[in-house]
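Student: Sharing a structure here in structure tokens format.
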Amino acid sequence: MLDKFHEECGVFAIYGHPEAANLTYLGLYALQHRGQESAGIAASDGCTVTCHKAMGHVADIFSPAVLGTLSGYQAIGHTRYSTTGETALGNAQPFSVTCNKGRIAVAHNGNIVNAGDLRRELERQGSIFQSSSDTEVILHLVARSRERTLAGALREALLELEGAFSLVFLAEDRVIVARDPHGFRPMAMGQMELSGGRRCYVFASETCAFDLIGAVYLDDVAPGEMIIAGPGGLERERYAPEGPRAYCIFEHVYFARPDSYVFGRSVSGSRERLGRLL
């Protein structure tokens with residue numbers, strides 16, 4: 001049985017910063033309100049993907065000693081919403097595996113409504129699952145793809161998914177993020193200026209994560225868009241046509257922090273306008 005709904009999770013990703021894991025920790029700390037059950041970070045130094053996750057709060061999980069084991073210039077992180085579903089370390093994210101596309105990790109915020117059907121089909125084909133989370137389905141779809149590149153395999157997998165998702169994906173030398181064609185769940189993109197004119201790219205469920213690390217909000221990841229931050233710079237593409245927009249109203253009413261911008265709008269401003277209407 002799949003895990004229950006967990007729409008309120010928080011995700012964070014960063015590419016191109018020597019302190020990627022430390023900044024991911026700070027980003028997750030700012031997103032702690034989106035999930036208090038478990039948290040995890042996966043980081044890569046260009047050759048090796050290292051992952052650490054545990055039950056509990058972000059500040060309790062990631063001590064300086066733990067963060068010291070997560071080296072590299074790119075990382076992704078996840079903080080999980082406490083639900084009525086199965087509470088177990090096996091469902092904590094990111095999920096990390098080694099497959100024919102290399103060592104990869106993934107974390108996501110949302111709910112894949114056809115995950116049960118996809119899982120049953122994958123199991124009939126011989127896939128073995130380690131968790132009850134719908135997120136693990138994505139990894140199996142990528143691993144079984146006959147596409148030669150990771151981006152191609154992920155593109156193919158995304159087209160099989162139905163529902164709501166904001167996805168962060170970590171490979172050995174790049175970060176890939178994607179958003180569902182309807183834009184149900186939020187995903188913002190930011191930038192940090194480093195010495196020597198270099199740029200660092202960051203992605204998060206809410207812009208409050210950017211404020212804590214000094215990143216500048218640039219844009220939202222568009223519905224149906226996949227963005228690759230890697231050695232070749234920033235590549236943006238549509239993996240699917242944008243569908244009718246269906247932003248989750250609870251992001252502005254309940255999920256997000258009032259000092260965040262979600263779906264390109266101020267959360268506090270939206271709440272003030274809703275109050276006037278009431």
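The way I read the labels, and the way they are meant: chains A, B, ... in the order of the structure tokens, residue 1 as the first residue of every chain, and ligand 1 as the first ligand shown, with later ones counted on from there.
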Env of segment 165-169 of chain A: 9 Å cut, atoms = only C-alpha atoms, seq-sep filter 2 positions within chain, self excluded. Answer as a short mmCIF file (atom, residue, chain, number, x, y, z; two decimals) with C-alpha atoms, in the first residue's frame.

Tutor:
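File produced: out03.cif:
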data_model
loop_
_atom_site.label_atom_id
_atom_site.label_comp_id
_atom_site.auth_asym_id
_atom_site.auth_seq_id
_atom_site.Cartn_x
_atom_site.Cartn_y
_atom_site.Cartn_z
CA GLU A 7 1.31 17.56 -0.10
CA VAL A 11 12.02 20.57 -1.12
CA PHE A 12 15.28 22.43 -1.74
CA ALA A 13 18.06 22.10 -4.33
CA ILE A 76 19.02 18.41 -2.67
CA GLY A 77 16.99 18.28 0.52
CA PRO A 94 15.59 11.87 -0.63
CA ILE A 104 20.90 9.39 -8.43
CA ALA A 105 18.69 10.82 -5.69
CA VAL A 106 15.21 12.28 -5.78
CA ALA A 107 12.81 14.16 -3.51
CA HIS A 108 9.36 15.50 -4.25
CA ASN A 109 6.45 17.46 -2.88
CA GLY A 110 3.01 16.41 -4.04
CA ASN A 111 0.87 13.40 -4.76
CA ILE A 112 1.10 11.15 -7.82
CA LEU A 161 3.03 10.67 -14.00
CA GLU A 162 -0.40 12.07 -13.17
CA GLY A 163 -1.09 14.38 -10.28
CA ALA A 171 22.92 13.23 -10.29
CA ARG A 174 23.96 18.13 -12.00
CA VAL A 175 20.65 19.05 -10.42
CA ILE A 176 17.37 18.65 -12.29
CA VAL A 177 14.05 20.12 -11.14
CA ALA A 178 10.59 19.73 -12.64
CA ARG A 179 7.01 20.77 -12.00
CA ASP A 180 3.76 19.13 -13.05
CA GLY A 183 1.46 23.73 -11.41
CA PHE A 184 -0.39 22.36 -8.37
CA ARG A 185 2.66 22.55 -6.10
CA PRO A 186 5.05 25.53 -5.97
CA MET A 187 8.71 25.69 -6.99
CA PHE A 203 15.38 25.99 -6.01
CA SER A 205 9.20 25.25 -2.35
#

Student: DSSP on the backbone: which residues in segment 89-149 of chain A end up as helix (DSSP H, G or I)? Give the answer as a ChimeraX atom specification.

Tutor: /A:89-91,115-124,135-144

Student: Dump N, CA and C atoms for the selected residues as a PDB file, in the first residue's frame?

Tutor:
ATOM      1  N   LEU A  89      11.413   5.406   8.711  1.00  0.00           N
ATOM      2  CA  LEU A  89      12.591   5.957   8.058  1.00  0.00           C
ATOM      3  C   LEU A  89      12.646   5.564   6.592  1.00  0.00           C
ATOM      4  N   GLY A  90      12.075   4.421   6.258  1.00  0.00           N
ATOM      5  CA  GLY A  90      12.074   3.970   4.870  1.00  0.00           C
ATOM      6  C   GLY A  90      11.339   4.899   3.933  1.00  0.00           C
ATOM      7  N   ASN A  91      10.446   5.743   4.469  1.00  0.00           N
ATOM      8  CA  ASN A  91       9.706   6.688   3.651  1.00  0.00           C
ATOM      9  C   ASN A  91      10.318   8.089   3.661  1.00  0.00           C
ATOM     10  N   ALA A 115       0.195   6.541  -9.018  1.00  0.00           N
ATOM     11  CA  ALA A 115       1.367   5.816  -8.520  1.00  0.00           C
ATOM     12  C   ALA A 115       1.050   4.352  -8.239  1.00  0.00           C
ATOM     13  N   GLY A 116      -0.162   4.063  -7.753  1.00  0.00           N
ATOM     14  CA  GLY A 116      -0.540   2.689  -7.466  1.00  0.00           C
ATOM     15  C   GLY A 116      -0.536   1.823  -8.709  1.00  0.00           C
ATOM     16  N   ASP A 117      -1.117   2.334  -9.786  1.00  0.00           N
ATOM     17  CA  ASP A 117      -1.138   1.589 -11.049  1.00  0.00           C
ATOM     18  C   ASP A 117       0.275   1.399 -11.593  1.00  0.00           C
ATOM     19  N   LEU A 118       1.077   2.473 -11.541  1.00  0.00           N
ATOM     20  CA  LEU A 118       2.450   2.371 -12.030  1.00  0.00           C
ATOM     21  C   LEU A 118       3.262   1.375 -11.208  1.00  0.00           C
ATOM     22  N   ARG A 119       3.060   1.396  -9.906  1.00  0.00           N
ATOM     23  CA  ARG A 119       3.799   0.486  -9.035  1.00  0.00           C
ATOM     24  C   ARG A 119       3.444  -0.972  -9.334  1.00  0.00           C
ATOM     25  N   ARG A 120       2.161  -1.257  -9.483  1.00  0.00           N
ATOM     26  CA  ARG A 120       1.749  -2.631  -9.778  1.00  0.00           C
ATOM     27  C   ARG A 120       2.334  -3.116 -11.106  1.00  0.00           C
ATOM     28  N   GLU A 121       2.362  -2.236 -12.101  1.00  0.00           N
ATOM     29  CA  GLU A 121       2.930  -2.602 -13.389  1.00  0.00           C
ATOM     30  C   GLU A 121       4.437  -2.836 -13.276  1.00  0.00           C
ATOM     31  N   LEU A 122       5.118  -1.984 -12.523  1.00  0.00           N
ATOM     32  CA  LEU A 122       6.555  -2.156 -12.327  1.00  0.00           C
ATOM     33  C   LEU A 122       6.867  -3.443 -11.571  1.00  0.00           C
ATOM     34  N   GLU A 123       6.046  -3.764 -10.575  1.00  0.00           N
ATOM     35  CA  GLU A 123       6.257  -4.995  -9.815  1.00  0.00           C
ATOM     36  C   GLU A 123       6.045  -6.222 -10.690  1.00  0.00           C
ATOM     37  N   ARG A 124       5.089  -6.149 -11.609  1.00  0.00           N
ATOM     38  CA  ARG A 124       4.882  -7.258 -12.540  1.00  0.00           C
ATOM     39  C   ARG A 124       6.100  -7.461 -13.445  1.00  0.00           C
ATOM     40  N   THR A 135       6.991   8.437  -4.310  1.00  0.00           N
ATOM     41  CA  THR A 135       8.209   9.016  -4.881  1.00  0.00           C
ATOM     42  C   THR A 135       9.140   7.949  -5.444  1.00  0.00           C
ATOM     43  N   GLU A 136       9.173   6.790  -4.808  1.00  0.00           N
ATOM     44  CA  GLU A 136      10.077   5.736  -5.269  1.00  0.00           C
ATOM     45  C   GLU A 136       9.721   5.261  -6.667  1.00  0.00           C
ATOM     46  N   VAL A 137       8.443   5.402  -7.035  1.00  0.00           N
ATOM     47  CA  VAL A 137       8.008   4.999  -8.375  1.00  0.00           C
ATOM     48  C   VAL A 137       8.809   5.745  -9.442  1.00  0.00           C
ATOM     49  N   ILE A 138       9.106   7.020  -9.189  1.00  0.00           N
ATOM     50  CA  ILE A 138       9.824   7.842 -10.164  1.00  0.00           C
ATOM     51  C   ILE A 138      11.192   7.249 -10.466  1.00  0.00           C
ATOM     52  N   LEU A 139      11.891   6.806  -9.425  1.00  0.00           N
ATOM     53  CA  LEU A 139      13.213   6.217  -9.625  1.00  0.00           C
ATOM     54  C   LEU A 139      13.148   4.961 -10.480  1.00  0.00           C
ATOM     55  N   HIS A 140      12.140   4.132 -10.240  1.00  0.00           N
ATOM     56  CA  HIS A 140      12.005   2.906 -11.031  1.00  0.00           C
ATOM     57  C   HIS A 140      11.694   3.216 -12.494  1.00  0.00           C
ATOM     58  N   LEU A 141      10.883   4.244 -12.729  1.00  0.00           N
ATOM     59  CA  LEU A 141      10.585   4.629 -14.107  1.00  0.00           C
ATOM     60  C   LEU A 141      11.839   5.115 -14.824  1.00  0.00           C
ATOM     61  N   VAL A 142      12.658   5.874 -14.120  1.00  0.00           N
ATOM     62  CA  VAL A 142      13.913   6.362 -14.711  1.00  0.00           C
ATOM     63  C   VAL A 142      14.858   5.192 -14.991  1.00  0.00           C
ATOM     64  N   ALA A 143      14.979   4.275 -14.044  1.00  0.00           N
ATOM     65  CA  ALA A 143      15.919   3.165 -14.185  1.00  0.00           C
ATOM     66  C   ALA A 143      15.548   2.230 -15.332  1.00  0.00           C
ATOM     67  N   ARG A 144      14.264   2.039 -15.579  1.00  0.00           N
ATOM     68  CA  ARG A 144      13.847   1.094 -16.620  1.00  0.00           C
ATOM     69  C   ARG A 144      13.832   1.735 -18.012  1.00  0.00           C
TER      70      ARG A 144
END

Student: From a DSSP pass on the backbone, collect the residues of segment 34-165 of chain A flagged as strand (DSSP E) and hand them back as a ChimeraX atom specification.

Tutor: /A:38-44,49-55,74-80,95-99,102-112,163-165

Student: Between A:Ser127, A:Gln74, A:Ser260, A:Thr207, single out the one closest to Glu172 of chain A, counting only C-alpha atoms.

Tutor: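 Among A:Ser127, A:Gln74, A:Ser260, A:Thr207, it is A:Gln74 that comes nearest to Glu172 of chain A.
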
Student: Within 10 Å of Arg103 of chain A, counting only C-alpha atoms, which residues show up once you throw out same-chain ones fewer than 2 positions away? Write them as a PyMOL selection string, please.

Tutor: chain A and resi 44+47-50+96-101+105+170-172

Student: Just write the chosen residues, N, CA, C and O atoms, as an mmCIF file, in the first residue's frame.

Tutor:
data_model
loop_
_atom_site.group_PDB
_atom_site.id
_atom_site.type_symbol
_atom_site.label_atom_id
_atom_site.label_comp_id
_atom_site.auth_asym_id
_atom_site.auth_seq_id
_atom_site.Cartn_x
_atom_site.Cartn_y
_atom_site.Cartn_z
ATOM 1 N N SER A 44 26.499 15.811 -3.772
ATOM 2 C CA SER A 44 27.436 15.186 -4.706
ATOM 3 C C SER A 44 28.652 16.081 -4.918
ATOM 4 O O SER A 44 28.525 17.301 -5.043
ATOM 5 N N CYS A 47 31.465 13.151 -8.342
ATOM 6 C CA CYS A 47 31.759 11.732 -8.574
ATOM 7 C C CYS A 47 30.888 10.813 -7.719
ATOM 8 O O CYS A 47 30.514 9.729 -8.153
ATOM 9 N N THR A 48 30.594 11.256 -6.496
ATOM 10 C CA THR A 48 29.883 10.409 -5.539
ATOM 11 C C THR A 48 28.691 11.142 -4.953
ATOM 12 O O THR A 48 28.802 12.307 -4.558
ATOM 13 N N VAL A 49 27.540 10.463 -4.899
ATOM 14 C CA VAL A 49 26.339 10.990 -4.257
ATOM 15 C C VAL A 49 26.245 10.389 -2.858
ATOM 16 O O VAL A 49 26.239 9.161 -2.699
ATOM 17 N N THR A 50 26.201 11.255 -1.851
ATOM 18 C CA THR A 50 26.102 10.825 -0.456
ATOM 19 C C THR A 50 24.793 11.318 0.127
ATOM 20 O O THR A 50 24.411 12.463 -0.089
ATOM 21 N N SER A 96 17.747 7.481 -2.710
ATOM 22 C CA SER A 96 19.007 7.439 -3.459
ATOM 23 C C SER A 96 19.282 6.011 -3.906
ATOM 24 O O SER A 96 19.198 5.076 -3.093
ATOM 25 N N VAL A 97 19.611 5.832 -5.196
ATOM 26 C CA VAL A 97 19.884 4.501 -5.745
ATOM 27 C C VAL A 97 21.011 4.581 -6.764
ATOM 28 O O VAL A 97 21.351 5.659 -7.254
ATOM 29 N N THR A 98 21.557 3.424 -7.068
ATOM 30 C CA THR A 98 22.492 3.283 -8.175
ATOM 31 C C THR A 98 21.824 2.428 -9.238
ATOM 32 O O THR A 98 21.337 1.335 -8.950
ATOM 33 N N CYS A 99 21.778 2.947 -10.471
ATOM 34 C CA CYS A 99 21.126 2.223 -11.557
ATOM 35 C C CYS A 99 21.942 2.424 -12.840
ATOM 36 O O CYS A 99 23.069 2.920 -12.797
ATOM 37 N N ASN A 100 21.365 2.058 -13.967
ATOM 38 C CA ASN A 100 22.091 2.194 -15.230
ATOM 39 C C ASN A 100 22.281 3.643 -15.658
ATOM 40 O O ASN A 100 22.965 3.917 -16.639
ATOM 41 N N LYS A 101 21.703 4.593 -14.918
ATOM 42 C CA LYS A 101 21.911 6.020 -15.189
ATOM 43 C C LYS A 101 22.913 6.619 -14.213
ATOM 44 O O LYS A 101 23.103 7.830 -14.174
ATOM 45 N N ALA A 105 19.560 10.620 -6.846
ATOM 46 C CA ALA A 105 18.695 10.815 -5.687
ATOM 47 C C ALA A 105 17.530 11.697 -6.101
ATOM 48 O O ALA A 105 17.660 12.536 -6.998
ATOM 49 N N LEU A 170 18.954 14.748 -8.144
ATOM 50 C CA LEU A 170 20.395 14.955 -8.048
ATOM 51 C C LEU A 170 21.135 13.825 -8.746
ATOM 52 O O LEU A 170 20.896 12.649 -8.458
ATOM 53 N N ALA A 171 21.997 14.186 -9.677
ATOM 54 C CA ALA A 171 22.921 13.228 -10.293
ATOM 55 C C ALA A 171 24.331 13.569 -9.809
ATOM 56 O O ALA A 171 24.519 14.485 -9.006
ATOM 57 N N GLU A 172 25.309 12.850 -10.305
ATOM 58 C CA GLU A 172 26.675 13.078 -9.842
ATOM 59 C C GLU A 172 27.184 14.468 -10.178
ATOM 60 O O GLU A 172 27.977 15.048 -9.424
#

Student: Please list as a list in words every residue within 12 Å of Glu272 of chain A, counting only C-alpha atoms and excluding residues in the same chain fewer than 6 positions away.

Tutor: His252, Val253, Pro258, Ser266 and Leu278 of chain A

Student: Tell me which of A:Gly214, A:Gly102, A:Gly10, A:Gly190 sits closest to Leu23 of chain A, counting only C-alpha atoms.

Tutor: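 Under the stated criterion, the closest residue is A:Gly214.
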
Student: Quick one: pull the distance between atom CA of Pro181 of chain A and atom CA of Cys9 of chain A, Å, one decimal.

Tutor: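 Atom-to-atom, atom CA of Pro181 of chain A and atom CA of Cys9 of chain A are spaced 19.0 Å apart.
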
Student: State, in Å with one decimal place, the distance from atom CA of Ala39 of chain A to atom CA of Leu154 of chain A.

Tutor: 23.6 Å

Student: What is the atom CA of Gly40 of chain A-atom CA of Gly16 of chain A distance in Å, reported with one decimal?

Tutor: 19.5 Å
